[in-house]
>>> print(open('run_27.csv').read())   # CSV, C-alpha atoms
chain,number,residue,atom,x,y,z
A,264,MET,CA,29.8,7.3,24.1
A,265,GLY,CA,31.2,4.5,21.9
A,266,PRO,CA,32.0,0.8,22.6
A,267,THR,CA,35.3,1.7,24.2
A,268,GLY,CA,33.7,4.1,26.7
A,269,ARG,CA,35.4,7.1,25.0
A,270,VAL,CA,33.6,9.8,23.0
A,271,PRO,CA,35.7,10.7,20.0
A,272,ALA,CA,36.9,14.3,19.7
A,273,PRO,CA,35.2,16.4,16.9
A,274,ALA,CA,38.5,16.3,14.9
A,275,GLU,CA,38.6,12.4,15.1
A,276,ALA,CA,34.9,12.2,14.2
A,277,GLY,CA,35.3,14.6,11.3
A,278,ALA,CA,38.3,12.6,10.0
A,279,ALA,CA,36.2,9.4,10.1
A,280,SER,CA,33.3,11.1,8.2
A,281,ARG,CA,35.7,12.4,5.6
A,282,ARG,CA,37.0,8.9,5.0
A,283,ARG,CA,33.5,7.7,4.6
A,284,GLY,CA,32.7,10.5,2.2
A,285,ALA,CA,35.8,9.8,0.1
A,286,ALA,CA,34.7,6.1,-0.1
A,287,GLY,CA,31.2,7.1,-1.3
A,288,VAL,CA,29.4,6.4,1.9
A,289,SER,CA,26.9,8.8,3.5
A,290,VAL,CA,25.7,9.0,7.1
A,291,TRP,CA,22.5,10.8,7.9
A,292,LEU,CA,21.1,11.6,11.3
A,293,ASP,CA,18.0,9.8,12.3
A,294,GLY,CA,15.7,12.3,13.9
A,295,LEU,CA,14.8,15.9,13.2
A,296,SER,CA,13.8,17.9,16.3
A,297,ARG,CA,13.3,21.6,17.1
A,298,GLN,CA,15.7,21.2,20.0
A,299,ARG,CA,18.5,20.2,17.7
A,300,LEU,CA,17.7,23.0,15.3
A,301,ALA,CA,17.4,25.8,17.9
A,302,GLY,CA,20.2,24.5,20.1
A,303,GLY,CA,22.6,24.4,17.2
A,304,ARG,CA,23.3,20.6,17.4
A,305,LEU,CA,22.3,19.8,13.8
A,306,ALA,CA,24.3,22.7,12.5
A,307,ALA,CA,27.4,21.6,14.5
A,308,LEU,CA,27.1,18.0,13.2
A,309,ALA,CA,26.8,19.2,9.6
A,310,ARG,CA,29.6,21.7,10.0
A,311,GLN,CA,31.9,19.1,11.4
A,312,GLY,CA,31.1,16.8,8.5
A,313,ARG,CA,29.8,14.1,10.8
A,314,ILE,CA,26.4,13.9,9.1
A,315,ALA,CA,25.3,14.6,5.5
A,316,GLY,CA,21.5,14.5,5.8
A,317,VAL,CA,18.7,13.9,8.2
A,318,THR,CA,15.5,11.8,8.4
A,319,SER,CA,12.4,12.1,10.5
A,320,ASP,CA,9.0,10.4,10.9
A,321,PRO,CA,5.8,11.0,12.9
A,322,ALA,CA,7.0,9.0,15.9
A,323,PHE,CA,10.1,11.1,16.2
A,324,LEU,CA,8.2,14.4,15.8
A,325,ALA,CA,5.8,13.2,18.5
A,326,ARG,CA,8.7,12.7,20.9
A,327,SER,CA,10.2,16.1,19.9
A,328,LEU,CA,6.9,17.9,20.5
A,329,THR,CA,6.5,16.2,23.9
A,330,GLY,CA,10.0,17.2,25.1
A,331,GLY,CA,10.2,20.4,23.1
A,332,GLY,CA,10.1,22.7,26.2
A,333,PRO,CA,10.1,26.3,25.1
A,334,TYR,CA,11.0,25.7,21.5
A,335,TYR,CA,7.4,25.2,20.4
A,336,THR,CA,5.8,27.7,22.7
A,337,GLY,CA,5.8,30.8,20.5
A,338,GLN,CA,4.6,29.1,17.4
A,339,LEU,CA,1.9,27.1,19.2
A,340,GLY,CA,0.7,30.2,20.9
A,341,ASP,CA,0.4,32.0,17.6
A,342,LEU,CA,-1.4,29.2,16.0
A,343,ALA,CA,-3.8,29.0,19.0
A,344,GLU,CA,-4.5,32.7,18.9
A,345,ARG,CA,-5.4,32.5,15.2
A,346,GLY,CA,-7.7,29.5,15.8
A,347,VAL,CA,-5.8,27.2,13.4
A,348,PRO,CA,-7.2,23.7,13.4
A,349,ALA,CA,-4.9,20.9,14.7
A,350,GLU,CA,-4.3,19.3,11.3
A,351,ARG,CA,-3.1,22.6,9.8
A,352,ALA,CA,-1.2,23.5,12.9
A,353,LEU,CA,0.7,20.2,12.8
A,354,LYS,CA,1.7,20.9,9.2
A,355,ALA,CA,2.8,24.4,10.1
A,356,LEU,CA,5.1,23.0,12.8
A,357,ALA,CA,6.6,20.4,10.5
A,358,ILE,CA,7.1,22.8,7.6
A,359,HIS,CA,8.9,25.2,10.0
A,360,ASP,CA,11.3,22.5,11.0
A,361,ILE,CA,11.9,21.1,7.6
A,362,ARG,CA,12.7,24.5,6.1
A,363,TRP,CA,15.1,25.3,9.0
A,364,ALA,CA,16.9,21.9,8.6
A,365,CYS,CA,17.1,22.4,4.8
A,366,ASP,CA,18.7,25.8,5.2
A,367,ILE,CA,21.2,24.3,7.6
A,368,LEU,CA,22.1,21.5,5.2
A,369,ARG,CA,22.1,23.6,2.1
A,370,PRO,CA,25.9,24.0,2.0
A,371,VAL,CA,26.2,20.2,2.1
A,372,HIS,CA,23.7,19.9,-0.7
A,373,GLU,CA,25.6,22.5,-2.8
A,374,ALA,CA,29.0,21.0,-2.1
A,375,THR,CA,27.9,17.5,-3.1
A,376,ALA,CA,26.0,18.7,-6.2
A,377,GLY,CA,22.7,17.5,-4.7
A,378,VAL,CA,23.8,14.0,-3.7
A,379,ASP,CA,23.5,14.8,0.0
A,380,GLY,CA,22.4,17.6,2.3
A,381,LEU,CA,18.9,16.2,2.1
A,382,VAL,CA,16.1,16.4,4.7
A,383,SER,CA,13.7,13.4,4.4
A,384,VAL,CA,10.3,13.7,6.2
A,385,THR,CA,7.4,11.2,6.0
A,386,LEU,CA,4.1,12.2,4.6
A,387,ASP,CA,0.8,11.6,6.4
A,388,PRO,CA,0.9,7.8,6.8
A,389,ARG,CA,-2.9,7.6,6.7
A,390,LEU,CA,-2.7,8.1,2.9
A,391,ALA,CA,-0.4,5.1,2.3
A,392,HIS,CA,-3.0,3.2,0.3
A,393,ASP,CA,-4.3,6.2,-1.6
A,394,ALA,CA,-2.1,7.2,-4.6
A,395,GLU,CA,-4.1,10.3,-5.5
A,396,ALA,CA,-4.3,11.6,-2.0
A,397,THR,CA,-0.6,10.9,-1.4
A,398,LEU,CA,0.3,12.8,-4.6
A,399,ALA,CA,-1.9,15.8,-3.6
A,400,GLU,CA,-0.3,15.9,-0.1
A,401,ALA,CA,3.2,15.7,-1.6
A,402,ARG,CA,2.5,18.5,-4.0
A,403,ALA,CA,1.2,20.7,-1.2
A,404,LEU,CA,4.0,20.0,1.2
A,405,TRP,CA,6.7,20.4,-1.5
A,406,ARG,CA,5.3,23.8,-2.5
A,407,ALA,CA,5.0,24.9,1.2
A,408,VAL,CA,8.6,23.9,2.1
A,409,ASP,CA,10.0,25.3,-1.1
A,410,ARG,CA,13.5,23.8,-0.7
A,411,ARG,CA,15.3,21.8,-3.3
A,412,ASN,CA,17.0,19.7,-0.7
A,413,ALA,CA,13.7,18.5,0.9
A,414,MET,CA,12.8,14.9,0.4
A,415,LEU,CA,9.3,13.3,1.0
A,416,GLY,CA,9.0,9.9,2.5
A,417,ILE,CA,6.3,7.7,0.9
A,418,PRO,CA,5.7,4.1,2.1
A,419,ALA,CA,6.4,1.6,-0.7
A,420,THR,CA,2.9,0.2,-0.9
A,421,ALA,CA,1.4,-0.3,-4.3
A,422,ALA,CA,-0.4,3.0,-4.1
A,423,GLY,CA,2.7,4.7,-2.6
A,424,LEU,CA,4.9,3.6,-5.5
A,425,THR,CA,2.4,4.9,-8.0
A,426,ALA,CA,2.5,8.3,-6.2
A,427,LEU,CA,6.3,8.1,-6.0
A,428,SER,CA,6.6,7.9,-9.8
A,429,ALA,CA,4.2,10.8,-10.2
A,430,CYS,CA,6.2,12.9,-7.7
A,431,LEU,CA,9.4,12.3,-9.5
A,432,ALA,CA,7.8,13.2,-12.8
A,433,GLU,CA,6.9,16.6,-11.2
A,434,GLY,CA,10.4,17.2,-9.9
A,435,ILE,CA,9.8,16.1,-6.2
A,436,ASN,CA,12.6,14.2,-4.4
A,437,VAL,CA,11.3,11.0,-2.8
A,438,ASN,CA,12.2,8.4,-0.2
A,439,ALA,CA,10.5,5.0,-0.7
A,440,THR,CA,10.1,3.9,2.9
A,441,LEU,CA,9.5,0.5,4.4
A,442,VAL,CA,11.3,-1.5,1.8
A,443,LEU,CA,11.5,-4.8,3.6
A,444,SER,CA,12.4,-7.3,0.9
A,445,ALA,CA,14.2,-7.7,-2.4
A,446,ALA,CA,10.9,-8.0,-4.1
A,447,ARG,CA,9.7,-4.7,-2.7
A,448,HIS,CA,13.0,-3.1,-3.6
A,449,ARG,CA,12.6,-4.2,-7.2
A,450,GLN,CA,9.2,-2.5,-7.3
A,451,ALA,CA,10.6,0.7,-5.7
A,452,ALA,CA,13.5,0.8,-8.2
A,453,ASP,CA,11.1,0.2,-11.1
A,454,ALA,CA,8.8,3.0,-9.9
A,455,TYR,CA,11.9,5.3,-9.6
A,456,ALA,CA,12.9,4.5,-13.2
A,457,GLU,CA,9.4,5.2,-14.4
A,458,GLY,CA,9.3,8.5,-12.6
A,459,LEU,CA,12.6,9.5,-14.2
A,460,GLU,CA,11.4,8.6,-17.6
A,461,ARG,CA,8.3,10.6,-17.1
A,462,ALA,CA,10.4,13.5,-15.8
A,463,ARG,CA,12.6,13.4,-18.9
A,464,THR,CA,9.6,13.5,-21.1
A,465,ALA,CA,8.4,16.5,-19.2
A,466,GLY,CA,11.8,18.2,-20.0
A,467,ARG,CA,13.2,18.0,-16.5
A,468,HIS,CA,16.9,17.7,-15.7
A,469,LEU,CA,17.3,14.2,-14.2
A,470,ALA,CA,20.5,15.2,-12.3
A,471,SER,CA,18.4,17.5,-10.1
A,472,LEU,CA,16.2,14.6,-8.8
A,473,ALA,CA,17.2,12.6,-5.7
A,474,SER,CA,15.7,9.4,-4.3
A,475,VAL,CA,16.5,6.7,-1.8
A,476,ALA,CA,14.9,3.4,-0.9
A,477,SER,CA,14.8,2.9,2.9
A,478,PHE,CA,15.4,-0.6,4.4
A,479,PRO,CA,14.6,-0.7,8.2
A,480,VAL,CA,17.3,-3.2,9.2
A,481,SER,CA,16.6,-4.0,12.9
A,482,ARG,CA,12.9,-4.7,12.2
A,483,ILE,CA,13.9,-7.9,10.4
A,484,ASP,CA,15.9,-9.3,13.3
A,485,THR,CA,13.3,-8.3,15.9
A,486,ALA,CA,10.6,-10.3,14.1
A,487,VAL,CA,12.7,-13.2,13.0
A,488,ASP,CA,14.5,-13.7,16.4
A,489,ALA,CA,11.1,-13.9,18.1
A,490,LEU,CA,10.1,-16.7,15.8
A,491,LEU,CA,13.5,-18.5,16.1
A,492,ASP,CA,13.2,-18.3,19.9
A,493,ARG,CA,10.0,-20.2,19.7
A,494,GLU,CA,11.8,-22.9,17.7
A,495,GLY,CA,14.4,-23.2,20.5
A,496,THR,CA,16.8,-25.5,18.7
A,497,LEU,CA,20.6,-25.1,18.4
A,498,GLU,CA,20.1,-24.5,14.6
A,499,ALA,CA,17.7,-21.7,15.3
A,500,ARG,CA,20.0,-20.1,17.8
A,501,ALA,CA,22.8,-20.2,15.3
A,502,VAL,CA,20.8,-18.1,12.9
A,503,ARG,CA,19.5,-15.6,15.5
A,504,GLY,CA,20.7,-12.0,15.0
A,505,ALA,CA,22.1,-12.6,11.5
A,506,VAL,CA,19.1,-12.4,9.3
A,507,ALA,CA,18.7,-8.6,9.1
A,508,VAL,CA,22.2,-7.9,7.7
A,509,ALA,CA,21.8,-10.9,5.3
A,510,ALA,CA,18.5,-9.5,4.0
A,511,ALA,CA,20.1,-6.1,3.6
A,512,ARG,CA,23.0,-7.6,1.6
A,513,HIS,CA,20.6,-9.5,-0.6
A,514,VAL,CA,18.8,-6.3,-1.4
A,515,HIS,CA,22.2,-4.6,-2.1
A,516,GLU,CA,23.2,-7.4,-4.5
A,517,GLN,CA,20.0,-6.7,-6.4
A,518,TYR,CA,20.7,-3.0,-6.4
A,519,GLU,CA,24.1,-3.5,-7.9
A,520,ARG,CA,22.8,-5.8,-10.6
A,521,MET,CA,20.1,-3.3,-11.6
A,522,LEU,CA,22.8,-0.7,-12.2
A,523,ASP,CA,24.0,-2.9,-15.0
A,524,GLU,CA,20.6,-3.1,-16.7
A,525,PRO,CA,20.0,-1.3,-20.1
A,526,ARG,CA,17.1,0.7,-18.6
A,527,TRP,CA,19.3,2.2,-16.0
A,528,HIS,CA,22.2,2.8,-18.4
A,529,ALA,CA,19.8,4.8,-20.6
A,530,LEU,CA,18.8,7.0,-17.7
A,531,ALA,CA,22.3,7.4,-16.3
A,532,ALA,CA,23.4,8.6,-19.8
A,533,ARG,CA,20.9,11.4,-19.4
A,534,GLY,CA,22.3,12.4,-16.0
A,535,ALA,CA,20.1,10.4,-13.6
A,536,ARG,CA,21.6,9.4,-10.2
A,537,PRO,CA,21.0,6.0,-8.7
A,538,GLN,CA,18.2,5.5,-6.1
A,539,ARG,CA,20.6,4.8,-3.2
A,540,LEU,CA,19.7,2.3,-0.5
A,541,LEU,CA,19.2,4.0,2.9
A,542,TRP,CA,19.7,1.7,5.8
A,543,THR,CA,17.3,2.9,8.6
A,544,ALA,CA,16.4,1.5,12.0
A,545,THR,CA,20.1,0.8,12.6
A,546,ALA,CA,20.0,1.4,16.4
A,547,VAL,CA,20.2,-1.8,18.4
A,548,PRO,CA,17.1,-2.3,20.6
A,549,ASP,CA,18.2,-2.6,24.3
A,550,ALA,CA,21.8,-2.7,23.3
A,551,GLY,CA,22.9,-2.0,26.9
A,552,ALA,CA,20.8,-4.7,28.4
A,553,SER,CA,21.5,-7.3,25.8
A,554,GLY,CA,25.3,-6.6,25.7
A,555,LEU,CA,25.2,-6.2,21.9
A,556,LEU,CA,27.4,-3.6,20.3
A,557,PRO,CA,25.5,-0.4,19.3
A,558,THR,CA,27.2,-0.6,15.9
A,559,ARG,CA,25.9,-4.1,15.2
A,560,TYR,CA,23.8,-2.9,12.2
A,561,ALA,CA,25.4,0.3,11.2
A,562,ALA,CA,29.0,-0.8,10.8
A,563,PRO,CA,28.6,-3.9,8.5
A,564,LEU,CA,26.4,-1.8,6.1
A,565,LEU,CA,28.7,1.1,5.6
A,566,THR,CA,29.0,0.3,1.9
A,567,ARG,CA,30.0,2.4,-1.0
A,568,GLY,CA,27.1,4.0,-2.8
A,569,THR,CA,24.7,3.7,0.2
A,570,VAL,CA,23.4,5.9,3.0
A,571,THR,CA,23.1,4.9,6.7
A,572,ALA,CA,20.8,6.7,9.0
A,573,VAL,CA,21.9,6.6,12.7
A,574,THR,CA,20.8,8.1,16.0
A,575,GLU,CA,23.3,10.3,17.7
A,576,GLU,CA,24.2,7.5,20.1
A,577,THR,CA,24.9,5.1,17.3
A,578,LEU,CA,26.9,7.8,15.5
A,579,GLU,CA,29.2,8.3,18.5
A,580,ALA,CA,29.6,4.6,18.9
A,581,LEU,CA,30.4,4.2,15.2
A,582,GLU,CA,33.0,7.0,15.3
A,583,ALA,CA,34.6,5.5,18.4
A,584,LEU,CA,34.8,2.2,16.7
A,585,GLU,CA,36.4,3.7,13.6
A,586,ALA,CA,38.9,5.6,15.7
A,587,LEU,CA,39.8,2.5,17.7
A,588,GLU,CA,40.2,0.3,14.6
A,589,ALA,CA,41.9,3.1,12.5
A,590,VAL,CA,39.5,2.3,9.7
A,591,ASP,CA,40.9,3.8,6.4
A,592,ALA,CA,37.7,3.5,4.4
A,593,PRO,CA,34.3,1.7,4.6
A,594,GLU,CA,33.7,-1.5,2.8
A,595,ALA,CA,33.6,-1.6,-1.0
A,596,PRO,CA,30.5,-3.3,-2.3
A,597,ALA,CA,30.2,-6.8,-1.0
A,598,GLY,CA,31.7,-9.6,-3.1
A,599,ALA,CA,30.1,-12.7,-4.6
A,600,ASP,CA,31.0,-14.8,-1.5
A,601,THR,CA,29.2,-12.4,0.8
A,602,TYR,CA,26.1,-12.3,-1.4
A,603,THR,CA,26.0,-16.1,-1.7
A,604,ALA,CA,26.3,-16.5,2.1
A,605,ALA,CA,23.4,-14.0,2.6
A,606,ARG,CA,21.2,-15.8,0.1
A,607,ARG,CA,22.0,-19.1,1.7
A,608,LEU,CA,21.1,-17.9,5.1
A,609,LEU,CA,17.8,-16.4,3.9
A,610,GLY,CA,17.0,-19.8,2.3
A,611,HIS,CA,17.5,-21.5,5.6
A,612,LEU,CA,14.6,-19.6,7.1
A,613,GLN,CA,12.2,-22.1,5.5
A,614,TRP,CA,13.6,-24.8,7.7
A,615,PHE,CA,12.1,-22.9,10.7
A,616,GLY,CA,8.7,-22.3,8.9
A,617,ILE,CA,9.5,-18.7,8.1
A,618,ASP,CA,8.5,-17.3,4.7
A,619,HIS,CA,10.6,-14.1,4.2
A,620,GLY,CA,8.1,-12.6,1.7
A,621,GLU,CA,5.1,-13.1,4.0
A,622,LEU,CA,7.2,-11.8,6.9
A,623,ALA,CA,8.0,-8.6,5.0
A,624,LEU,CA,4.3,-7.9,4.2
A,625,ARG,CA,3.5,-8.4,7.9
A,626,LEU,CA,6.2,-6.1,9.0
A,627,GLU,CA,5.1,-3.5,6.5
A,628,ALA,CA,1.5,-3.6,7.9
A,629,GLU,CA,2.8,-3.3,11.5
A,630,ALA,CA,5.1,-0.4,10.6
A,631,LEU,CA,2.2,1.4,8.9
A,632,LYS,CA,0.0,0.9,12.0
A,633,GLU,CA,2.8,2.3,14.2
A,634,LEU,CA,3.1,5.4,11.9
A,635,ASN,CA,-0.6,5.9,12.0
A,636,ASP,CA,-0.7,5.6,15.7
A,637,ALA,CA,2.1,8.1,16.0
A,638,TRP,CA,0.3,10.5,13.7
A,639,HIS,CA,-2.8,10.4,15.9
A,640,GLN,CA,-0.7,10.9,19.0
A,641,LEU,CA,0.8,14.0,17.3
A,642,LEU,CA,-2.7,15.4,16.5
A,643,ASP,CA,-3.8,14.7,20.1
A,644,ARG,CA,-0.8,16.6,21.5
A,645,VAL,CA,-1.2,19.5,19.1
A,646,THR,CA,-5.0,19.7,19.8
A,647,LEU,CA,-4.3,19.8,23.6
A,648,ALA,CA,-1.7,22.5,23.2
A,649,LEU,CA,-4.0,24.6,21.0
A,650,ASP,CA,-6.9,24.1,23.5
A,651,GLN,CA,-4.7,25.6,26.2
A,652,GLY,CA,-4.8,28.9,24.3
A,653,PRO,CA,-2.3,31.5,23.2
A,654,SER,CA,0.0,30.8,26.2
A,655,ALA,CA,0.3,27.1,25.2
A,656,GLY,CA,3.6,25.4,25.1
A,657,ALA,CA,4.6,21.9,24.1
A,658,THR,CA,2.7,19.3,26.1
A,659,GLY,CA,4.4,16.7,28.3
>>> encode(input="run_27.csv", output="structure tokens")
Amino acid sequence: MGPTGRVPAPAEAGAASRRRGAAGVSVWLDGLSRQRLAGGRLAALARQGRIAGVTSDPAFLARSLTGGGPYYTGQLGDLAERGVPAERALKALAIHDIRWACDILRPVHEATAGVDGLVSVTLDPRLAHDAEATLAEARALWRAVDRRNAMLGIPATAAGLTALSACLAEGINVNATLVLSAARHRQAADAYAEGLERARTAGRHLASLASVASFPVSRIDTAVDALLDREGTLEARAVRGAVAVAAARHVHEQYERMLDEPRWHALAARGARPQRLLWTATAVPDAGASGLLPTRYAAPLLTRGTVTAVTEETLEALEALEALEAVDAPEAPAGADTYTAARRLLGHLQWFGIDHGELALRLEAEALKELNDAWHQLLDRVTLALDQGPSAGATG
């Protein structure tokens, strides 16, 4: 239900998504689950043109497995009967869902010549600081999934970016995740360019490769607002809730400038596609309790040439807002004034003792810990289900 209390009809939602598509904006669904696959929800959203891709991570898979009901019973029972260890069983569950989602989104992938219709899933986060292990895991998963519209999420650590370049050189689509600052985005973009150059040397068609750099928007405000609340001044309150979008716009300004650099022009001339920015974590934490609009992060960042990942709830709110405002098209890339205002606001953080670079590194470490914890929870739940034997179902 949207901010007006009205759920848009499928025809209205489809019209809004077509306007976005015509303006060069993609919306992907945040969260891949067996329920959405088996129940037909993902297929319906794709068929109606409301989403053009899907993302997932260990935390969402853990929730999906917990609430999976009968959807996992048969596969878990088969894995238990064959005595498959928990690590291998978890991969089998994930591969099953990835392939299913890729098949559903294949028509979108074909219709957009590979730009959209992608299914991004995060690799084992325990490998985030081991480039060789990440590359080996990526190769194995890519071969097992065997779908051109799969995309592997690799955290944008130093080791992760080394692996990312190597993956691209081998023809593997990649998502550089946890890009939390302009400095990290620059590193991710350079790693992408290096991967493309190596792919070209290997004789690969650059137009067949896809990559995004994921910027988790709400994580910035959650952290900064807590620091500003400690400050407690009128000046701090004036900045509260505005830093995340400003940081995203600052990264987008850098993205646009990089598209004008000679290195990128050389790659584009050989068919390479830009590494689009993917805005993630666009759901507003406790939107109902706080009174904030659920479109607080998603709406301002619907910008040409970018991708926005949304939950179903945020998607419905966004469509309702678009129907209410009769939006003709999403924003064009922000202008110089918007970028200047964003840089100015980020510069003000030092007044409150906040170093944006240090904050980004802290948030990256926290996010990696959360992903690791979610992965261990997944393994625990799969282990419990397997221990229950061939009659096992998803655990609650």
>>> closest_residue(input="run_27.csv", among="A:Thr558, A:Asn412, A:Thr420, A:Ser481", to="Val437 in chain A", atoms="all atoms listed in the file")
A:Asn412
>>> atom_distance(input="run_27.csv", atom1="CA of Leu541 in chain A", atom2="CA of Tyr518 in chain A")
11.7 Å
>>> closest_residue(input="run_27.csv", among="A:Arg449, A:Arg559, A:Val317, A:Ala509", to="Met521 in chain A", atoms="all atoms listed in the file")
A:Arg449
>>> residues_around(input="run_27.csv", residues="Leu390 in chain A", least_positions_apart="5", cutoff="10 Å", atoms="only C-alpha atoms", output="number ranges by chain")
A: 395-398, 400, 417-418, 422-423, 635
>>> residues_around(input="run_27.csv", residues="Gly377 in chain A", least_positions_apart="4", cutoff="8 Å", atoms="all atoms listed in the file", output="NGL selection string")
:A and (372-373 or 381 or 412 or 471 or 473)
>>> residues_around(input="run_27.csv", residues="Leu342 in chain A", least_positions_apart="5", cutoff="10 Å", atoms="only C-alpha atoms", output="VMD selection string")
chain A and resid 336 to 337 347 to 349 351 to 353 355 to 356 648 to 649 652 to 653 655
>>> write_last_selection(input="run_27.csv", atoms="C-alpha atoms", output="CSV table (one decimal), keeping the file's coordinate frame")
chain,number,residue,atom,x,y,z
A,336,THR,CA,5.8,27.7,22.7
A,337,GLY,CA,5.8,30.8,20.5
A,347,VAL,CA,-5.8,27.2,13.4
A,348,PRO,CA,-7.2,23.7,13.4
A,349,ALA,CA,-4.9,20.9,14.7
A,351,ARG,CA,-3.1,22.6,9.8
A,352,ALA,CA,-1.2,23.5,12.9
A,353,LEU,CA,0.7,20.2,12.8
A,355,ALA,CA,2.8,24.4,10.1
A,356,LEU,CA,5.1,23.0,12.8
A,648,ALA,CA,-1.7,22.5,23.2
A,649,LEU,CA,-4.0,24.6,21.0
A,652,GLY,CA,-4.8,28.9,24.3
A,653,PRO,CA,-2.3,31.5,23.2
A,655,ALA,CA,0.3,27.1,25.2
>>> residues_around(input="run_27.csv", residues="Leu424 in chain A", least_positions_apart="3", cutoff="12 Å", atoms="all atoms listed in the file", output="number ranges by chain")
A: 391-395, 397-398, 416-421, 427-431, 437-442, 447-458, 476
>>> closest_residue(input="run_27.csv", among="A:Arg536, A:Ala529, A:Ala605, A:Arg461", to="Ala507 in chain A", atoms="all atoms listed in the file")
A:Ala605
>>> closest_residue(input="run_27.csv", among="A:Ala403, A:Ala413, A:Ala357, A:Leu530", to="Leu339 in chain A", atoms="all atoms listed in the file")
A:Ala357
>>> atom_distance(input="run_27.csv", atom1="CA of Ala531 in chain A", atom2="CA of Phe478 in chain A")
23.2 Å
>>> atom_distance(input="run_27.csv", atom1="CA of Val570 in chain A", atom2="CA of Val290 in chain A")
5.6 Å
>>> residues_around(input="run_27.csv", residues="Ala446 in chain A", least_positions_apart="5", cutoff="10 Å", atoms="all atoms listed in the file", output="compact mmCIF listing (two decimals) with C-alpha atoms, in the frame of the given file")
# COMPACT_ATOMS: atom_id res chain seq x y z
CA ALA A 451 10.60 0.70 -5.70
CA VAL A 514 18.80 -6.30 -1.40
CA GLN A 517 20.00 -6.70 -6.40
CA GLY A 620 8.10 -12.60 1.70
CA ALA A 623 8.00 -8.60 5.00
>>> closest_residue(input="run_27.csv", among="A:Pro548, A:Gly466, A:Gly534, A:Pro388", to="Thr485 in chain A", atoms="only C-alpha atoms")
A:Pro548
>>> closest_residue(input="run_27.csv", among="A:Glu627, A:Asp360, A:Glu460, A:Glu582", to="Arg533 in chain A", atoms="only C-alpha atoms")
A:Glu460
>>> decode(input="run_27.csv", residues="range 583-587 of chain A", atoms="all heavy atoms", output="CSV table (one decimal), in the first residue's frame")
chain,number,residue,atom,x,y,z
A,583,ALA,N,2.4,4.0,-6.2
A,583,ALA,CA,1.3,4.8,-5.7
A,583,ALA,C,1.6,6.3,-5.8
A,583,ALA,O,0.8,7.2,-6.2
A,583,ALA,CB,0.8,4.5,-4.3
A,584,LEU,N,2.9,6.6,-5.4
A,584,LEU,CA,3.3,8.0,-5.5
A,584,LEU,C,3.4,8.5,-6.9
A,584,LEU,O,2.9,9.6,-7.2
A,584,LEU,CB,4.7,8.1,-4.8
A,584,LEU,CG,5.3,9.5,-4.8
A,584,LEU,CD1,4.5,10.5,-3.9
A,584,LEU,CD2,6.8,9.5,-4.3
A,585,GLU,N,3.9,7.7,-7.8
A,585,GLU,CA,3.9,8.0,-9.2
A,585,GLU,C,2.6,8.2,-9.8
A,585,GLU,O,2.3,9.2,-10.6
A,585,GLU,CB,4.7,7.0,-10.0
A,585,GLU,CG,6.2,6.9,-9.7
A,585,GLU,CD,6.9,5.7,-10.3
A,585,GLU,OE1,6.3,4.7,-10.3
A,585,GLU,OE2,8.1,5.9,-10.7
A,586,ALA,N,1.6,7.4,-9.4
A,586,ALA,CA,0.2,7.5,-9.9
A,586,ALA,C,-0.4,8.8,-9.4
A,586,ALA,O,-1.1,9.5,-10.1
A,586,ALA,CB,-0.6,6.3,-9.5
A,587,LEU,N,-0.1,9.1,-8.1
A,587,LEU,CA,-0.7,10.3,-7.5
A,587,LEU,C,-0.2,11.6,-8.2
A,587,LEU,O,-0.9,12.5,-8.4
A,587,LEU,CB,-0.4,10.3,-6.0
A,587,LEU,CG,-0.9,11.5,-5.2
A,587,LEU,CD1,-2.4,11.5,-5.1
A,587,LEU,CD2,-0.2,11.5,-3.8
